[in-house]
Amino acid sequence: MDWLLNSSFVQDIPVLAKPALFNLYFALAAIPISFPFALVLALGKNSPNWLLSNFSRGYIYAFRGSPLFVQFFMFYSIALSLNQAYLKPMGIDHIVLHPLFLGPFVLTLNSAAYAAEIFYGALKNVPRGEIEAAKAVGMSGRQTFKAVTWPNMIRLAWPSYTNEVIFLFHATALVYFTLPVINEQKDLMNKAGELFEKDYALFTHYSVAALYFLIISLVLFYISNLINRRLNRHRVQKVSKLKVRPNYVR
Amino acid sequence: MDWQSSIEYITNGKHLAWYASVRFTLIAAVLGALFAVFFGLIGAGLKQSKWSGLRLIGTVYTNMLRGIPDVLFFLFLPLAFEQTVEYFLAQASCTSAELADGSTWPPCADAQWYLTTTEYLLMACVTFGIVYGAFAANVIHGAMQAVPKGQLEAAMAYGFSPKQIFWNIKVRQMWVYALPGLSNVWMLLVKATSLLSLLQIPDIVLWAERLGAANYVAFKGLIHDDWRWKYYLVLFVFYIILAYVSERFFNWLQSRAGRGMIEVR
């Protein structure tokens, strides 16, 4: 067993544990805001209001059409240019320019656009008959949304949304390529790169980093599967398990 | 700043170099896409191979990106290739004492492989090919399954060999079904080309950083403070336009490829 414990692969595992938490933090900090924002955008895109619909449409198109890498640079440089005039006088420059704030912020804006497109697609696929039935029994618009549209939409969107969350987690690998690294606050890619520059053991460090990404993805996926089962608990047919779909739909 | 000096500013040498660096982005996208289709065909072929070993390789290849980010591969694969080449250079040109030492890499100066921008670009293209080939393989595999069984049976009835059926019917017919998926892969690839600067390729992102940085020295050009956000905003719009043009192109291709077909979306 000693050779195994002494192998650089095993010794890397505790070293990269803390950096993995940074990646997890970026993803988990982004989800609570990006989820409701995506819902608003999806409903906005579906809304009969010309202004609202076109704004949502444009937002979704812009953020899905441009690379996250450029979005990070853009928002960071915008924040920097606002620094002297606005952020410093207001005393919030330390918060806004901090990667632990700016990272999840940009991820939120980006992920919301992708998730909104998913929710919009689900919204369009809510069974028409159920909405008509709700109308027929005299439900108001608000009641219809609460009892019919919303639960159906979430249920339909969930498998794709799961993939979006996993790819949001993968996208956290980009944060520290674009934002400044502060002291020992390093994510997996950073730390793996740093270790690589010390001893050039490329395969070891990067495969441990990849292992962390893989395991956390699987955990996120497992949790999402439990939620999926709950969302579908009323259905008679056996619900097929979630499948990780590749992000070529992203 | 009046409009004349504005035009002078945006057409100075550095800016022209910036516009010219779009070539790296476009080359990486087009060449990367070609490699991706190539690796995609291999991956799809492996996935439906007769031998379980090859099938396993195909499945691992097409699934690896579901759990591991593409950026990791984008850094890892070129470095891995570089190290492998340097390993063989070291075996050929370093002394055995240097090889045994193992504290530095490469073991001796002769084994150092200096890469030019062109070589980095080529490596980036191959890496894009391998990474997005995994997605393309899934798309192509699905599209091959979508080819109507009747056509394959007809080919069999005419006495085509299994190889002929694969190449002349399956591969020939699957493109129409694969196009929507491949267009998604293309969109991802175009966005991924923004990562080229990570491999020290002076692409549009690296130039935007250089041009936008604050300049307080008159002989270096116009004096301005930090203008990076303007340059990144231009890139942001550039990529959106690129996405729009690609979308229009694929829609046109789709309607062209699907003519005479009833079932295709």
# chains A, B, ... in the order shown; residues from 1 in each chain; ligands from 1

call {"tool": "interface_residues", "arguments": {"of": "chain A", "to": "chain B", "cutoff": "6 Å", "atoms": "only C-alpha atoms", "output": "JSON, numbers by chain"}}
result
{"A": [62, 65, 66, 67, 74, 77, 78, 170, 210, 213, 214, 217, 246, 248]}

call {"tool": "residues_around", "arguments": {"residues": "B:Phe166", "least_positions_apart": "4", "cutoff": "12 Å", "atoms": "only C-alpha atoms", "output": "mmCIF file with N, CA and C atoms, in the first residue's frame"}}
result
data_model
loop_
_atom_site.group_PDB
_atom_site.id
_atom_site.type_symbol
_atom_site.label_atom_id
_atom_site.label_comp_id
_atom_site.auth_asym_id
_atom_site.auth_seq_id
_atom_site.Cartn_x
_atom_site.Cartn_y
_atom_site.Cartn_z
ATOM 1 N N LEU B 41 -16.160 11.325 -36.717
ATOM 2 C CA LEU B 41 -16.421 10.119 -37.507
ATOM 3 C C LEU B 41 -15.728 8.916 -36.881
ATOM 4 N N ALA B 44 -17.653 8.001 -33.700
ATOM 5 C CA ALA B 44 -18.920 7.341 -33.996
ATOM 6 C C ALA B 44 -18.670 5.928 -34.507
ATOM 7 N N GLY B 45 -17.607 5.775 -35.300
ATOM 8 C CA GLY B 45 -17.241 4.452 -35.799
ATOM 9 C C GLY B 45 -16.876 3.514 -34.656
ATOM 10 N N GLN B 48 -19.871 2.183 -32.632
ATOM 11 C CA GLN B 48 -20.699 1.099 -33.177
ATOM 12 C C GLN B 48 -19.835 -0.023 -33.740
ATOM 13 N N SER B 49 -18.625 -0.130 -33.177
ATOM 14 C CA SER B 49 -17.725 -1.189 -33.626
ATOM 15 C C SER B 49 -18.232 -2.555 -33.171
ATOM 16 N N MET B 144 -26.477 8.658 -37.589
ATOM 17 C CA MET B 144 -26.376 7.375 -38.305
ATOM 18 C C MET B 144 -27.539 6.462 -37.931
ATOM 19 N N GLN B 145 -27.960 6.549 -36.652
ATOM 20 C CA GLN B 145 -29.100 5.738 -36.230
ATOM 21 C C GLN B 145 -30.389 6.223 -36.901
ATOM 22 N N VAL B 147 -30.740 7.258 -39.963
ATOM 23 C CA VAL B 147 -30.876 6.905 -41.378
ATOM 24 C C VAL B 147 -31.909 5.782 -41.489
ATOM 25 N N GLN B 151 -33.432 1.938 -46.234
ATOM 26 C CA GLN B 151 -32.352 2.226 -47.187
ATOM 27 C C GLN B 151 -31.207 1.229 -47.022
ATOM 28 N N LEU B 152 -30.893 0.927 -45.739
ATOM 29 C CA LEU B 152 -29.800 -0.024 -45.483
ATOM 30 C C LEU B 152 -30.186 -1.407 -45.973
ATOM 31 N N GLU B 153 -31.459 -1.761 -45.745
ATOM 32 C CA GLU B 153 -31.930 -3.077 -46.186
ATOM 33 C C GLU B 153 -31.929 -3.170 -47.702
ATOM 34 N N ALA B 155 -29.914 -1.584 -49.659
ATOM 35 C CA ALA B 155 -28.523 -1.740 -50.070
ATOM 36 C C ALA B 155 -28.070 -3.180 -49.887
ATOM 37 N N MET B 156 -28.512 -3.778 -48.765
ATOM 38 C CA MET B 156 -28.139 -5.165 -48.492
ATOM 39 C C MET B 156 -28.723 -6.086 -49.564
ATOM 40 N N PHE B 160 -24.693 -5.013 -51.513
ATOM 41 C CA PHE B 160 -23.578 -4.185 -51.041
ATOM 42 C C PHE B 160 -22.907 -4.909 -49.869
ATOM 43 N N SER B 161 -21.592 -4.780 -49.763
ATOM 44 C CA SER B 161 -20.899 -5.349 -48.608
ATOM 45 C C SER B 161 -21.121 -4.431 -47.399
ATOM 46 N N PRO B 162 -20.930 -4.959 -46.162
ATOM 47 C CA PRO B 162 -21.125 -4.120 -44.974
ATOM 48 C C PRO B 162 -20.318 -2.821 -45.036
ATOM 49 N N LYS B 170 -24.788 4.860 -45.100
ATOM 50 C CA LYS B 170 -24.880 5.483 -43.772
ATOM 51 C C LYS B 170 -24.205 6.848 -43.721
ATOM 52 N N VAL B 171 -22.916 6.881 -44.079
ATOM 53 C CA VAL B 171 -22.170 8.141 -43.977
ATOM 54 C C VAL B 171 -22.710 9.171 -44.967
ATOM 55 N N ARG B 172 -23.098 8.708 -46.153
ATOM 56 C CA ARG B 172 -23.631 9.613 -47.167
ATOM 57 C C ARG B 172 -24.953 10.247 -46.718
ATOM 58 N N GLN B 173 -25.792 9.452 -46.066
ATOM 59 C CA GLN B 173 -27.149 9.918 -45.760
ATOM 60 C C GLN B 173 -27.274 10.638 -44.430
ATOM 61 N N MET B 174 -26.267 10.427 -43.539
ATOM 62 C CA MET B 174 -26.488 10.919 -42.182
ATOM 63 C C MET B 174 -26.323 12.429 -42.049
#

call {"tool": "residues_around", "arguments": {"residues": "A:Phe145", "least_positions_apart": "4", "cutoff": "12 Å", "atoms": "only C-alpha atoms", "output": "number ranges by chain"}}
result
A: 43, 123, 126, 130-132, 134-135, 139-141, 149-154

call {"tool": "closest_residue", "arguments": {"among": "A:Ile60, A:Leu80, A:Ala173, A:Ile33", "to": "A:Asn190", "atoms": "only C-alpha atoms"}}
result
A:Ala173

call {"tool": "select_by_dssp", "arguments": {"residues": "stretch 7-247 of chain B", "states": "helix (DSSP H, G or I)", "output": "PyMOL selection string"}}
result
chain B and resi 7-10+13-20+22-47+52-67+70-93+96-101+109-111+117-146+149-157+162-199+204-212+218-220+228-247

call {"tool": "residues_around", "arguments": {"residues": "B:Gly258", "least_positions_apart": "5", "cutoff": "12 Å", "atoms": "only C-alpha atoms", "output": "list in words"}}
result
Gln173, Met174, Trp175, Val176, Tyr177, Ala178, Leu179, Pro180, Phe250, Asn251, Trp252, Leu253, Glu263, Val264 and Arg265 of chain B

call {"tool": "closest_residue", "arguments": {"among": "A:Thr178, A:Thr172, A:Ser81, A:Ser7", "to": "A:Leu28", "atoms": "only C-alpha atoms"}}
result
A:Thr172

call {"tool": "atom_distance", "arguments": {"atom1": "atom CA of A:Gly58", "atom2": "atom CA of A:Phe177"}}
result
27.3 Å

call {"tool": "residues_around", "arguments": {"residues": "B:Asp203", "least_positions_apart": "6", "cutoff": "7 Å", "atoms": "only C-alpha atoms", "output": "short mmCIF file (atom, residue, chain, number, x, y, z; two decimals) with N, CA and C atoms, in the first residue's frame"}}
result
data_model
loop_
_atom_site.label_atom_id
_atom_site.label_comp_id
_atom_site.auth_asym_id
_atom_site.auth_seq_id
_atom_site.Cartn_x
_atom_site.Cartn_y
_atom_site.Cartn_z
N SER B 21 -5.26 39.89 -36.73
CA SER B 21 -5.18 38.71 -35.86
C SER B 21 -6.48 37.91 -35.83
N VAL B 22 -7.53 38.45 -36.47
CA VAL B 22 -8.77 37.68 -36.61
C VAL B 22 -8.49 36.37 -37.35
N PHE B 24 -6.26 34.19 -36.86
CA PHE B 24 -6.03 33.07 -35.94
C PHE B 24 -7.36 32.47 -35.49
N THR B 25 -8.30 33.36 -35.15
CA THR B 25 -9.61 32.91 -34.70
C THR B 25 -10.30 32.10 -35.79
N LEU B 196 -7.67 30.99 -27.40
CA LEU B 196 -6.37 30.82 -28.05
C LEU B 196 -5.24 31.53 -27.32
N SER B 197 -5.56 32.65 -26.66
CA SER B 197 -4.49 33.40 -25.99
C SER B 197 -3.88 32.60 -24.84
#

call {"tool": "residues_around", "arguments": {"residues": "B:Gly133", "least_positions_apart": "2", "cutoff": "10 Å", "atoms": "only C-alpha atoms", "output": "JSON, numbers by chain"}}
result
{"B": [32, 33, 34, 35, 36, 37, 38, 39, 40, 41, 42, 43, 44, 61, 62, 126, 127, 128, 129, 130, 131, 135, 136, 137, 138, 139, 140, 185]}

call {"tool": "write_last_selection", "arguments": {"atoms": "N, CA and C atoms", "output": "tab-separated table (two decimals), in the first residue's frame"}}
result
chain	number	residue	atom	x	y	z
B	32	GLY	N	-10.28	23.62	-36.82
B	32	GLY	CA	-10.76	22.86	-35.66
B	32	GLY	C	-12.02	22.10	-36.00
B	33	ALA	N	-12.92	22.74	-36.77
B	33	ALA	CA	-14.17	22.08	-37.15
B	33	ALA	C	-13.90	20.88	-38.05
B	34	LEU	N	-12.94	21.04	-38.97
B	34	LEU	CA	-12.62	19.92	-39.85
B	34	LEU	C	-12.06	18.74	-39.05
B	35	PHE	N	-11.14	19.05	-38.13
B	35	PHE	CA	-10.60	18.00	-37.26
B	35	PHE	C	-11.72	17.38	-36.42
B	36	ALA	N	-12.64	18.23	-35.96
B	36	ALA	CA	-13.73	17.73	-35.10
B	36	ALA	C	-14.60	16.74	-35.86
B	37	VAL	N	-14.89	17.05	-37.13
B	37	VAL	CA	-15.69	16.12	-37.93
B	37	VAL	C	-14.91	14.82	-38.13
B	38	PHE	N	-13.61	14.96	-38.38
B	38	PHE	CA	-12.75	13.79	-38.56
B	38	PHE	C	-12.76	12.90	-37.31
B	39	PHE	N	-12.48	13.52	-36.14
B	39	PHE	CA	-12.48	12.74	-34.90
B	39	PHE	C	-13.89	12.27	-34.56
B	40	GLY	N	-14.87	13.06	-34.95
B	40	GLY	CA	-16.26	12.67	-34.71
B	40	GLY	C	-16.62	11.40	-35.46
B	41	LEU	N	-16.16	11.33	-36.72
B	41	LEU	CA	-16.42	10.12	-37.51
B	41	LEU	C	-15.73	8.92	-36.88
B	42	ILE	N	-14.48	9.13	-36.43
B	42	ILE	CA	-13.76	8.02	-35.79
B	42	ILE	C	-14.49	7.59	-34.52
B	43	GLY	N	-14.89	8.59	-33.71
B	43	GLY	CA	-15.58	8.29	-32.45
B	43	GLY	C	-16.88	7.54	-32.69
B	44	ALA	N	-17.65	8.00	-33.70
B	44	ALA	CA	-18.92	7.34	-34.00
B	44	ALA	C	-18.67	5.93	-34.51
B	61	TYR	N	-14.38	8.03	-24.85
B	61	TYR	CA	-14.03	9.25	-25.58
B	61	TYR	C	-15.22	10.20	-25.69
B	62	THR	N	-16.37	9.66	-26.07
B	62	THR	CA	-17.51	10.55	-26.29
B	62	THR	C	-18.13	11.02	-24.97
B	126	VAL	N	-5.85	20.97	-33.47
B	126	VAL	CA	-6.00	19.53	-33.23
B	126	VAL	C	-6.73	19.31	-31.90
B	127	THR	N	-6.37	20.12	-30.89
B	127	THR	CA	-7.03	19.97	-29.59
B	127	THR	C	-8.52	20.27	-29.70
B	128	PHE	N	-8.86	21.36	-30.39
B	128	PHE	CA	-10.28	21.64	-30.62
B	128	PHE	C	-10.93	20.45	-31.31
B	129	GLY	N	-10.20	19.88	-32.28
B	129	GLY	CA	-10.71	18.73	-33.01
B	129	GLY	C	-11.01	17.57	-32.08
B	130	ILE	N	-10.08	17.28	-31.17
B	130	ILE	CA	-10.28	16.14	-30.27
B	130	ILE	C	-11.43	16.42	-29.30
B	131	VAL	N	-11.43	17.65	-28.71
B	131	VAL	CA	-12.44	17.97	-27.70
B	131	VAL	C	-13.83	18.03	-28.32
B	135	PHE	N	-18.08	15.70	-29.04
B	135	PHE	CA	-19.48	16.10	-29.22
B	135	PHE	C	-19.97	15.68	-30.59
B	136	ALA	N	-19.12	15.95	-31.60
B	136	ALA	CA	-19.50	15.62	-32.97
B	136	ALA	C	-19.76	14.12	-33.10
B	137	ALA	N	-18.98	13.31	-32.36
B	137	ALA	CA	-19.17	11.86	-32.43
B	137	ALA	C	-20.57	11.48	-31.95
B	138	ASN	N	-21.01	12.13	-30.85
B	138	ASN	CA	-22.36	11.87	-30.36
B	138	ASN	C	-23.41	12.24	-31.40
B	139	VAL	N	-23.20	13.41	-32.03
B	139	VAL	CA	-24.15	13.88	-33.03
B	139	VAL	C	-24.18	12.91	-34.21
B	140	ILE	N	-22.98	12.55	-34.70
B	140	ILE	CA	-22.88	11.70	-35.88
B	140	ILE	C	-23.44	10.30	-35.58
B	185	VAL	N	-22.30	22.29	-32.42
B	185	VAL	CA	-20.88	22.07	-32.12
B	185	VAL	C	-20.05	23.22	-32.68

call {"tool": "atom_distance", "arguments": {"atom1": "atom CA of A:Leu168", "atom2": "atom CA of A:Lys18"}}
result
19.1 Å
